[in-house]
Amino acid sequence: MMLFNKQLLLVMDQQDQACLALQRSRLIASRLKCPIEIVWVGDDAEKASQLVIQLESEGIAASFRCTPRSKLLKLLEELWSQQHFGVLIKSCDPRKSGFMTSLDGRILRDLPCPVLMVKHGHLWREGVVMAAVDPLTTDHHQQRLNDDLLKVADQIAQVTNANLVGAIACPSPMMGADPQLQSAVLIEKQARGAMQQLLSQLALKVETLAVGEGPAEHWIPNAADQLDARLVVIGTRAHGGLKGALLGNTAERILPRLDCDILVLRAGFSEGLVPILKQ
């Protein structure tokens, strides 16, 4: 298991007037009693310094460094390799980039660290935390990722006194020899059974299990809206190279469609969050 520093890395864009990521970082740092390192995107060191002073006056240890937007990804990669911070927190960037990958998308694709993208200031406390998993997979890495997602989502739900719910996007029925794949009812039954088996193995329970047909980037946001989720925990196995540039990944495609915060995890880089959240 990879051990993380009990530290938050907060990416602050000086064009982010709402400061949603800052508000979320404050709440998490206060709860976990951990420091915040601010990566200030821009050259206004005075504002960043004032922010550090303000956080320290609230009893939160803080530090900062400035970087131009063009060098942000490289700096984040360097910090991750040096520190293995607990989670990277950033407000979602509403700016569009046409056919080019957005900065948020590149962060989700290129960085292996846990990433929390903040969209709203709604409290998670006593709300709904949704874990989006694929219990029907036979891929070992995805199975491991399912375990990580559920464990982390469960710990967050416990810490915030929220309801843990599960969401599964099932494949559409196909013509073929396997009768289990020819009926939407059978596919859903199979998915629910696999999910219950997974939950039993992990000794976890969910308040609700939402199962629907269709691509995850459409079904998961719909389920999150219906259940009024405050946070969706999802995994990614990002593609690299030209394939990644053309196709992106599921988390990247879900991000603009969700109307709540999203925590993105990768297999093998997420188990270390559980002991941090338990403290």
# chains A, B, ... in the order shown; residues from 1 in each chain; ligands from 1

call {"tool": "residues_around", "arguments": {"residues": "Val115 in chain A", "least_positions_apart": "2", "cutoff": "10 Å", "atoms": "only C-alpha atoms", "output": "ChimeraX atom specification"}}
result
/A:9,86-90,104,107-108,111-113,117-118,262-266

call {"tool": "write_last_selection", "arguments": {"atoms": "all heavy atoms", "output": "short mmCIF file (atom, residue, chain, number, x, y, z; two decimals), in the first residue's frame"}}
result
data_model
loop_
_atom_site.label_atom_id
_atom_site.label_comp_id
_atom_site.auth_asym_id
_atom_site.auth_seq_id
_atom_site.Cartn_x
_atom_site.Cartn_y
_atom_site.Cartn_z
N LEU A 9 -3.14 19.31 -1.23
CA LEU A 9 -2.55 20.19 -2.22
C LEU A 9 -3.69 20.93 -2.89
O LEU A 9 -4.52 20.32 -3.57
CB LEU A 9 -1.73 19.41 -3.25
CG LEU A 9 -0.90 20.27 -4.19
CD1 LEU A 9 0.24 20.95 -3.43
CD2 LEU A 9 -0.34 19.45 -5.34
N GLY A 86 -1.97 13.72 0.20
CA GLY A 86 -3.19 12.93 0.33
C GLY A 86 -4.17 13.09 -0.82
O GLY A 86 -4.68 12.11 -1.35
N VAL A 87 -4.42 14.32 -1.23
CA VAL A 87 -5.37 14.57 -2.32
C VAL A 87 -5.10 15.95 -2.90
O VAL A 87 -4.70 16.88 -2.20
CB VAL A 87 -6.83 14.46 -1.80
CG1 VAL A 87 -7.13 15.51 -0.75
CG2 VAL A 87 -7.84 14.56 -2.95
N LEU A 88 -5.29 16.05 -4.21
CA LEU A 88 -5.21 17.33 -4.90
C LEU A 88 -6.63 17.89 -5.03
O LEU A 88 -7.53 17.17 -5.47
CB LEU A 88 -4.58 17.14 -6.28
CG LEU A 88 -4.31 18.40 -7.13
CD1 LEU A 88 -3.17 18.12 -8.12
CD2 LEU A 88 -5.54 18.86 -7.90
N ILE A 89 -6.82 19.14 -4.64
CA ILE A 89 -8.15 19.75 -4.66
C ILE A 89 -8.13 20.96 -5.59
O ILE A 89 -7.24 21.82 -5.50
CB ILE A 89 -8.59 20.19 -3.25
CG1 ILE A 89 -8.56 18.99 -2.29
CG2 ILE A 89 -9.99 20.81 -3.28
CD1 ILE A 89 -8.89 19.33 -0.85
N LYS A 90 -9.11 21.04 -6.46
CA LYS A 90 -9.18 22.15 -7.42
C LYS A 90 -10.63 22.42 -7.78
O LYS A 90 -11.43 21.49 -7.90
CB LYS A 90 -8.39 21.81 -8.69
CG LYS A 90 -8.35 22.92 -9.74
CD LYS A 90 -7.59 22.47 -10.98
CE LYS A 90 -7.54 23.58 -12.02
NZ LYS A 90 -8.89 23.98 -12.49
N ASP A 104 -8.34 20.66 -16.58
CA ASP A 104 -8.90 19.71 -15.63
C ASP A 104 -8.81 18.28 -16.18
O ASP A 104 -8.47 17.34 -15.45
CB ASP A 104 -10.36 20.04 -15.30
CG ASP A 104 -10.48 21.30 -14.45
OD1 ASP A 104 -9.44 21.81 -14.01
OD2 ASP A 104 -11.61 21.77 -14.26
N ILE A 107 -5.29 17.02 -15.91
CA ILE A 107 -4.96 16.66 -14.53
C ILE A 107 -5.50 15.27 -14.20
O ILE A 107 -4.80 14.43 -13.64
CB ILE A 107 -5.52 17.72 -13.55
CG1 ILE A 107 -4.70 19.01 -13.65
CG2 ILE A 107 -5.50 17.20 -12.11
CD1 ILE A 107 -5.26 20.16 -12.84
N LEU A 108 -6.76 15.01 -14.57
CA LEU A 108 -7.36 13.71 -14.29
C LEU A 108 -6.65 12.60 -15.07
O LEU A 108 -6.53 11.48 -14.59
CB LEU A 108 -8.84 13.72 -14.66
CG LEU A 108 -9.75 14.63 -13.85
CD1 LEU A 108 -11.19 14.48 -14.31
CD2 LEU A 108 -9.64 14.35 -12.37
N LEU A 111 -2.16 12.77 -13.91
CA LEU A 111 -1.68 12.64 -12.54
C LEU A 111 -2.28 11.41 -11.87
O LEU A 111 -3.51 11.23 -11.89
CB LEU A 111 -2.02 13.89 -11.73
CG LEU A 111 -1.34 15.19 -12.17
CD1 LEU A 111 -1.86 16.35 -11.35
CD2 LEU A 111 0.16 15.08 -12.04
N PRO A 112 -1.47 10.56 -11.26
CA PRO A 112 -1.99 9.35 -10.61
C PRO A 112 -2.58 9.60 -9.23
O PRO A 112 -3.19 8.72 -8.66
CB PRO A 112 -0.75 8.45 -10.51
CG PRO A 112 0.39 9.40 -10.41
CD PRO A 112 0.02 10.58 -11.27
N CYS A 113 -2.40 10.79 -8.69
CA CYS A 113 -2.86 11.09 -7.33
C CYS A 113 -4.38 11.19 -7.26
O CYS A 113 -5.04 11.44 -8.26
CB CYS A 113 -2.25 12.40 -6.84
SG CYS A 113 -2.67 13.82 -7.88
N MET A 117 -12.33 17.38 -7.63
CA MET A 117 -12.77 18.53 -8.40
C MET A 117 -14.04 19.09 -7.75
O MET A 117 -15.04 18.37 -7.61
CB MET A 117 -13.03 18.14 -9.85
CG MET A 117 -11.78 17.80 -10.65
SD MET A 117 -10.81 19.30 -11.00
CE MET A 117 -9.44 18.58 -11.92
N VAL A 118 -14.00 20.34 -7.37
CA VAL A 118 -15.09 20.95 -6.60
C VAL A 118 -15.99 21.77 -7.53
O VAL A 118 -15.50 22.61 -8.29
CB VAL A 118 -14.54 21.84 -5.48
CG1 VAL A 118 -15.68 22.39 -4.62
CG2 VAL A 118 -13.55 21.06 -4.62
N ILE A 262 -16.63 15.81 -7.46
CA ILE A 262 -16.23 14.50 -7.94
C ILE A 262 -14.82 14.19 -7.44
O ILE A 262 -13.90 15.01 -7.57
CB ILE A 262 -16.31 14.42 -9.48
CG1 ILE A 262 -15.78 13.07 -9.99
CG2 ILE A 262 -15.55 15.56 -10.14
CD1 ILE A 262 -16.02 12.84 -11.48
N LEU A 263 -14.67 13.02 -6.83
CA LEU A 263 -13.38 12.54 -6.36
C LEU A 263 -12.94 11.41 -7.28
O LEU A 263 -13.65 10.41 -7.41
CB LEU A 263 -13.46 12.04 -4.92
CG LEU A 263 -12.19 11.42 -4.33
CD1 LEU A 263 -11.05 12.42 -4.29
CD2 LEU A 263 -12.46 10.87 -2.92
N VAL A 264 -11.79 11.58 -7.94
CA VAL A 264 -11.31 10.62 -8.93
C VAL A 264 -10.11 9.87 -8.36
O VAL A 264 -9.13 10.48 -7.92
CB VAL A 264 -10.94 11.33 -10.24
CG1 VAL A 264 -10.48 10.31 -11.29
CG2 VAL A 264 -12.12 12.12 -10.78
N LEU A 265 -10.19 8.54 -8.39
CA LEU A 265 -9.14 7.68 -7.84
C LEU A 265 -8.60 6.74 -8.91
O LEU A 265 -9.30 6.40 -9.86
CB LEU A 265 -9.69 6.83 -6.68
CG LEU A 265 -10.44 7.56 -5.57
CD1 LEU A 265 -10.98 6.55 -4.57
CD2 LEU A 265 -9.52 8.55 -4.87
N ARG A 266 -7.36 6.29 -8.70
CA ARG A 266 -6.77 5.28 -9.57
C ARG A 266 -6.39 4.05 -8.74
O ARG A 266 -6.01 4.19 -7.58
CB ARG A 266 -5.51 5.81 -10.25
CG ARG A 266 -5.80 6.79 -11.35
CD ARG A 266 -4.69 6.80 -12.34
NE ARG A 266 -4.71 8.00 -13.16
CZ ARG A 266 -3.92 8.19 -14.19
NH1 ARG A 266 -3.03 7.28 -14.50
NH2 ARG A 266 -3.98 9.29 -14.89
#

call {"tool": "residues_around", "arguments": {"residues": "Ala194 in chain A", "least_positions_apart": "2", "cutoff": "12 Å", "atoms": "only C-alpha atoms", "output": "list in words"}}
result
Val133, Asp134, Pro135, Leu136, Thr137, Thr138, Gln143, Asn146, Ile168, Cys170, Ile187, Glu188, Lys189, Gln190, Ala191, Arg192, Gln196, Gln197, Leu198, Leu199, Ser200, Gln201, Leu209 and Val211 of chain A

call {"tool": "write_last_selection", "arguments": {"atoms": "N, CA and C atoms", "output": "compact mmCIF listing (two decimals), in the first residue's frame"}}
result
# COMPACT_ATOMS: atom_id res chain seq x y z
N VAL A 133 -19.24 2.20 -9.46
CA VAL A 133 -18.36 1.04 -9.63
C VAL A 133 -18.84 0.15 -10.79
N ASP A 134 -17.97 -0.77 -11.16
CA ASP A 134 -18.28 -1.73 -12.23
C ASP A 134 -18.10 -3.14 -11.68
N PRO A 135 -19.11 -3.68 -10.97
CA PRO A 135 -18.95 -4.99 -10.33
C PRO A 135 -18.94 -6.16 -11.30
N LEU A 136 -19.31 -5.93 -12.56
CA LEU A 136 -19.35 -7.01 -13.54
C LEU A 136 -18.00 -7.23 -14.23
N THR A 137 -17.03 -6.39 -13.96
CA THR A 137 -15.75 -6.51 -14.64
C THR A 137 -15.01 -7.78 -14.24
N THR A 138 -14.24 -8.30 -15.18
CA THR A 138 -13.35 -9.43 -14.88
C THR A 138 -11.90 -8.99 -14.87
N GLN A 143 -11.21 -4.45 -10.68
CA GLN A 143 -11.73 -5.03 -9.44
C GLN A 143 -11.06 -4.39 -8.23
N ASN A 146 -12.52 -0.99 -7.83
CA ASN A 146 -13.84 -1.06 -7.19
C ASN A 146 -13.70 -1.09 -5.66
N ILE A 168 -24.29 1.86 -10.68
CA ILE A 168 -23.72 0.96 -11.67
C ILE A 168 -24.33 1.29 -13.03
N CYS A 170 -24.87 -0.25 -16.47
CA CYS A 170 -24.83 -1.57 -17.12
C CYS A 170 -24.73 -1.43 -18.64
N ILE A 187 -29.36 -8.53 -17.09
CA ILE A 187 -28.10 -7.79 -16.88
C ILE A 187 -28.16 -7.04 -15.55
N GLU A 188 -29.30 -6.40 -15.29
CA GLU A 188 -29.44 -5.66 -14.03
C GLU A 188 -29.40 -6.61 -12.84
N LYS A 189 -30.07 -7.76 -12.95
CA LYS A 189 -30.06 -8.74 -11.87
C LYS A 189 -28.63 -9.23 -11.60
N GLN A 190 -27.89 -9.46 -12.68
CA GLN A 190 -26.51 -9.92 -12.55
C GLN A 190 -25.65 -8.84 -11.88
N ALA A 191 -25.87 -7.58 -12.26
CA ALA A 191 -25.09 -6.47 -11.69
C ALA A 191 -25.39 -6.30 -10.21
N ARG A 192 -26.66 -6.38 -9.84
CA ARG A 192 -27.02 -6.24 -8.42
C ARG A 192 -26.43 -7.38 -7.59
N GLN A 196 -23.75 -6.90 -4.55
CA GLN A 196 -24.00 -7.39 -3.20
C GLN A 196 -22.88 -8.31 -2.72
N GLN A 197 -22.35 -9.11 -3.63
CA GLN A 197 -21.23 -9.99 -3.28
C GLN A 197 -19.99 -9.16 -2.93
N LEU A 198 -19.75 -8.11 -3.72
CA LEU A 198 -18.61 -7.24 -3.46
C LEU A 198 -18.75 -6.53 -2.12
N LEU A 199 -19.94 -6.01 -1.84
CA LEU A 199 -20.18 -5.32 -0.57
C LEU A 199 -20.01 -6.29 0.60
N SER A 200 -20.47 -7.51 0.42
CA SER A 200 -20.33 -8.52 1.48
C SER A 200 -18.86 -8.83 1.76
N GLN A 201 -18.06 -8.93 0.71
CA GLN A 201 -16.63 -9.21 0.87
C GLN A 201 -15.93 -8.08 1.63
N LEU A 209 -28.93 1.37 -4.10
CA LEU A 209 -28.13 0.93 -5.23
C LEU A 209 -28.86 1.31 -6.51
N VAL A 211 -29.06 1.27 -10.44
CA VAL A 211 -28.55 0.49 -11.57
C VAL A 211 -29.29 0.95 -12.82

call {"tool": "closest_residue", "arguments": {"among": "A:Leu204, A:Ala169, A:Cys92, A:Val129", "to": "Arg257 in chain A", "atoms": "only C-alpha atoms"}}
result
A:Cys92

call {"tool": "select_by_dssp", "arguments": {"residues": "range 110-148 of chain A", "states": "strand (DSSP E)", "output": "number ranges by chain"}}
result
A: 115-118, 128-132

call {"tool": "write_last_selection", "arguments": {"atoms": "C-alpha atoms", "output": "tab-separated table (two decimals), in the first residue's frame"}}
result
chain	number	residue	atom	x	y	z
A	115	VAL	CA	-8.07	14.38	-7.34
A	116	LEU	CA	-11.09	16.20	-5.91
A	117	MET	CA	-12.77	18.53	-8.40
A	118	VAL	CA	-15.09	20.95	-6.60
A	128	VAL	CA	-25.35	11.57	-0.19
A	129	VAL	CA	-21.95	10.16	-1.16
A	130	MET	CA	-22.14	8.06	-4.33
A	131	ALA	CA	-19.61	5.39	-5.35
A	132	ALA	CA	-19.71	4.56	-9.08

call {"tool": "closest_residue", "arguments": {"among": "A:Arg253, A:Lys74, A:Lys205, A:His122", "to": "Ala229 in chain A", "atoms": "only C-alpha atoms"}}
result
A:His122

call {"tool": "closest_residue", "arguments": {"among": "A:Leu150, A:Met195, A:Ala224, A:Ala167", "to": "Thr208 in chain A", "atoms": "only C-alpha atoms"}}
result
A:Ala167

call {"tool": "closest_residue", "arguments": {"among": "A:Leu76, A:Leu10, A:Ile234, A:Ala203", "to": "Gly166 in chain A", "atoms": "only C-alpha atoms"}}
result
A:Ile234

call {"tool": "closest_residue", "arguments": {"among": "A:Leu227, A:Leu20, A:Val185, A:Ile28", "to": "Glu213 in chain A", "atoms": "only C-alpha atoms"}}
result
A:Val185

call {"tool": "residues_around", "arguments": {"residues": "Ser25 in chain A", "least_positions_apart": "2", "cutoff": "8 Å", "atoms": "only C-alpha atoms", "output": "ChimeraX atom specification"}}
result
/A:8,10,21-23,27-29,36,89

call {"tool": "write_last_selection", "arguments": {"atoms": "C-alpha atoms", "output": "PDB file, in the first residue's frame"}}
result
ATOM      1  CA  LEU A   8      -3.822  18.656   0.998  1.00  0.00           C
ATOM      2  CA  LEU A  10      -4.863  23.053  -3.194  1.00  0.00           C
ATOM      3  CA  ALA A  21     -11.887  24.570  -3.691  1.00  0.00           C
ATOM      4  CA  LEU A  22     -10.605  26.792  -0.893  1.00  0.00           C
ATOM      5  CA  GLN A  23     -13.847  26.403   1.056  1.00  0.00           C
ATOM      6  CA  LEU A  27     -13.458  21.990   5.857  1.00  0.00           C
ATOM      7  CA  ILE A  28     -11.326  18.919   5.137  1.00  0.00           C
ATOM      8  CA  ALA A  29      -8.169  20.354   6.741  1.00  0.00           C
ATOM      9  CA  ILE A  36      -2.603  22.799   3.076  1.00  0.00           C
ATOM     10  CA  ILE A  89      -8.149  19.754  -4.662  1.00  0.00           C
TER      11      ILE A  89
END

call {"tool": "residues_around", "arguments": {"residues": "Asn222 in chain A", "least_positions_apart": "6", "cutoff": "10 Å", "atoms": "only C-alpha atoms", "output": "list in words"}}
result
Gly212, Ala216, Asp228, Arg257, Leu258 and Asp259 of chain A

call {"tool": "closest_residue", "arguments": {"among": "A:Ala61, A:Gln14, A:Lys6, A:Arg69", "to": "Ala45 in chain A", "atoms": "only C-alpha atoms"}}
result
A:Gln14

call {"tool": "atom_distance", "arguments": {"atom1": "CA of Cys34 in chain A", "atom2": "CA of Asp261 in chain A"}}
result
20.6 Å
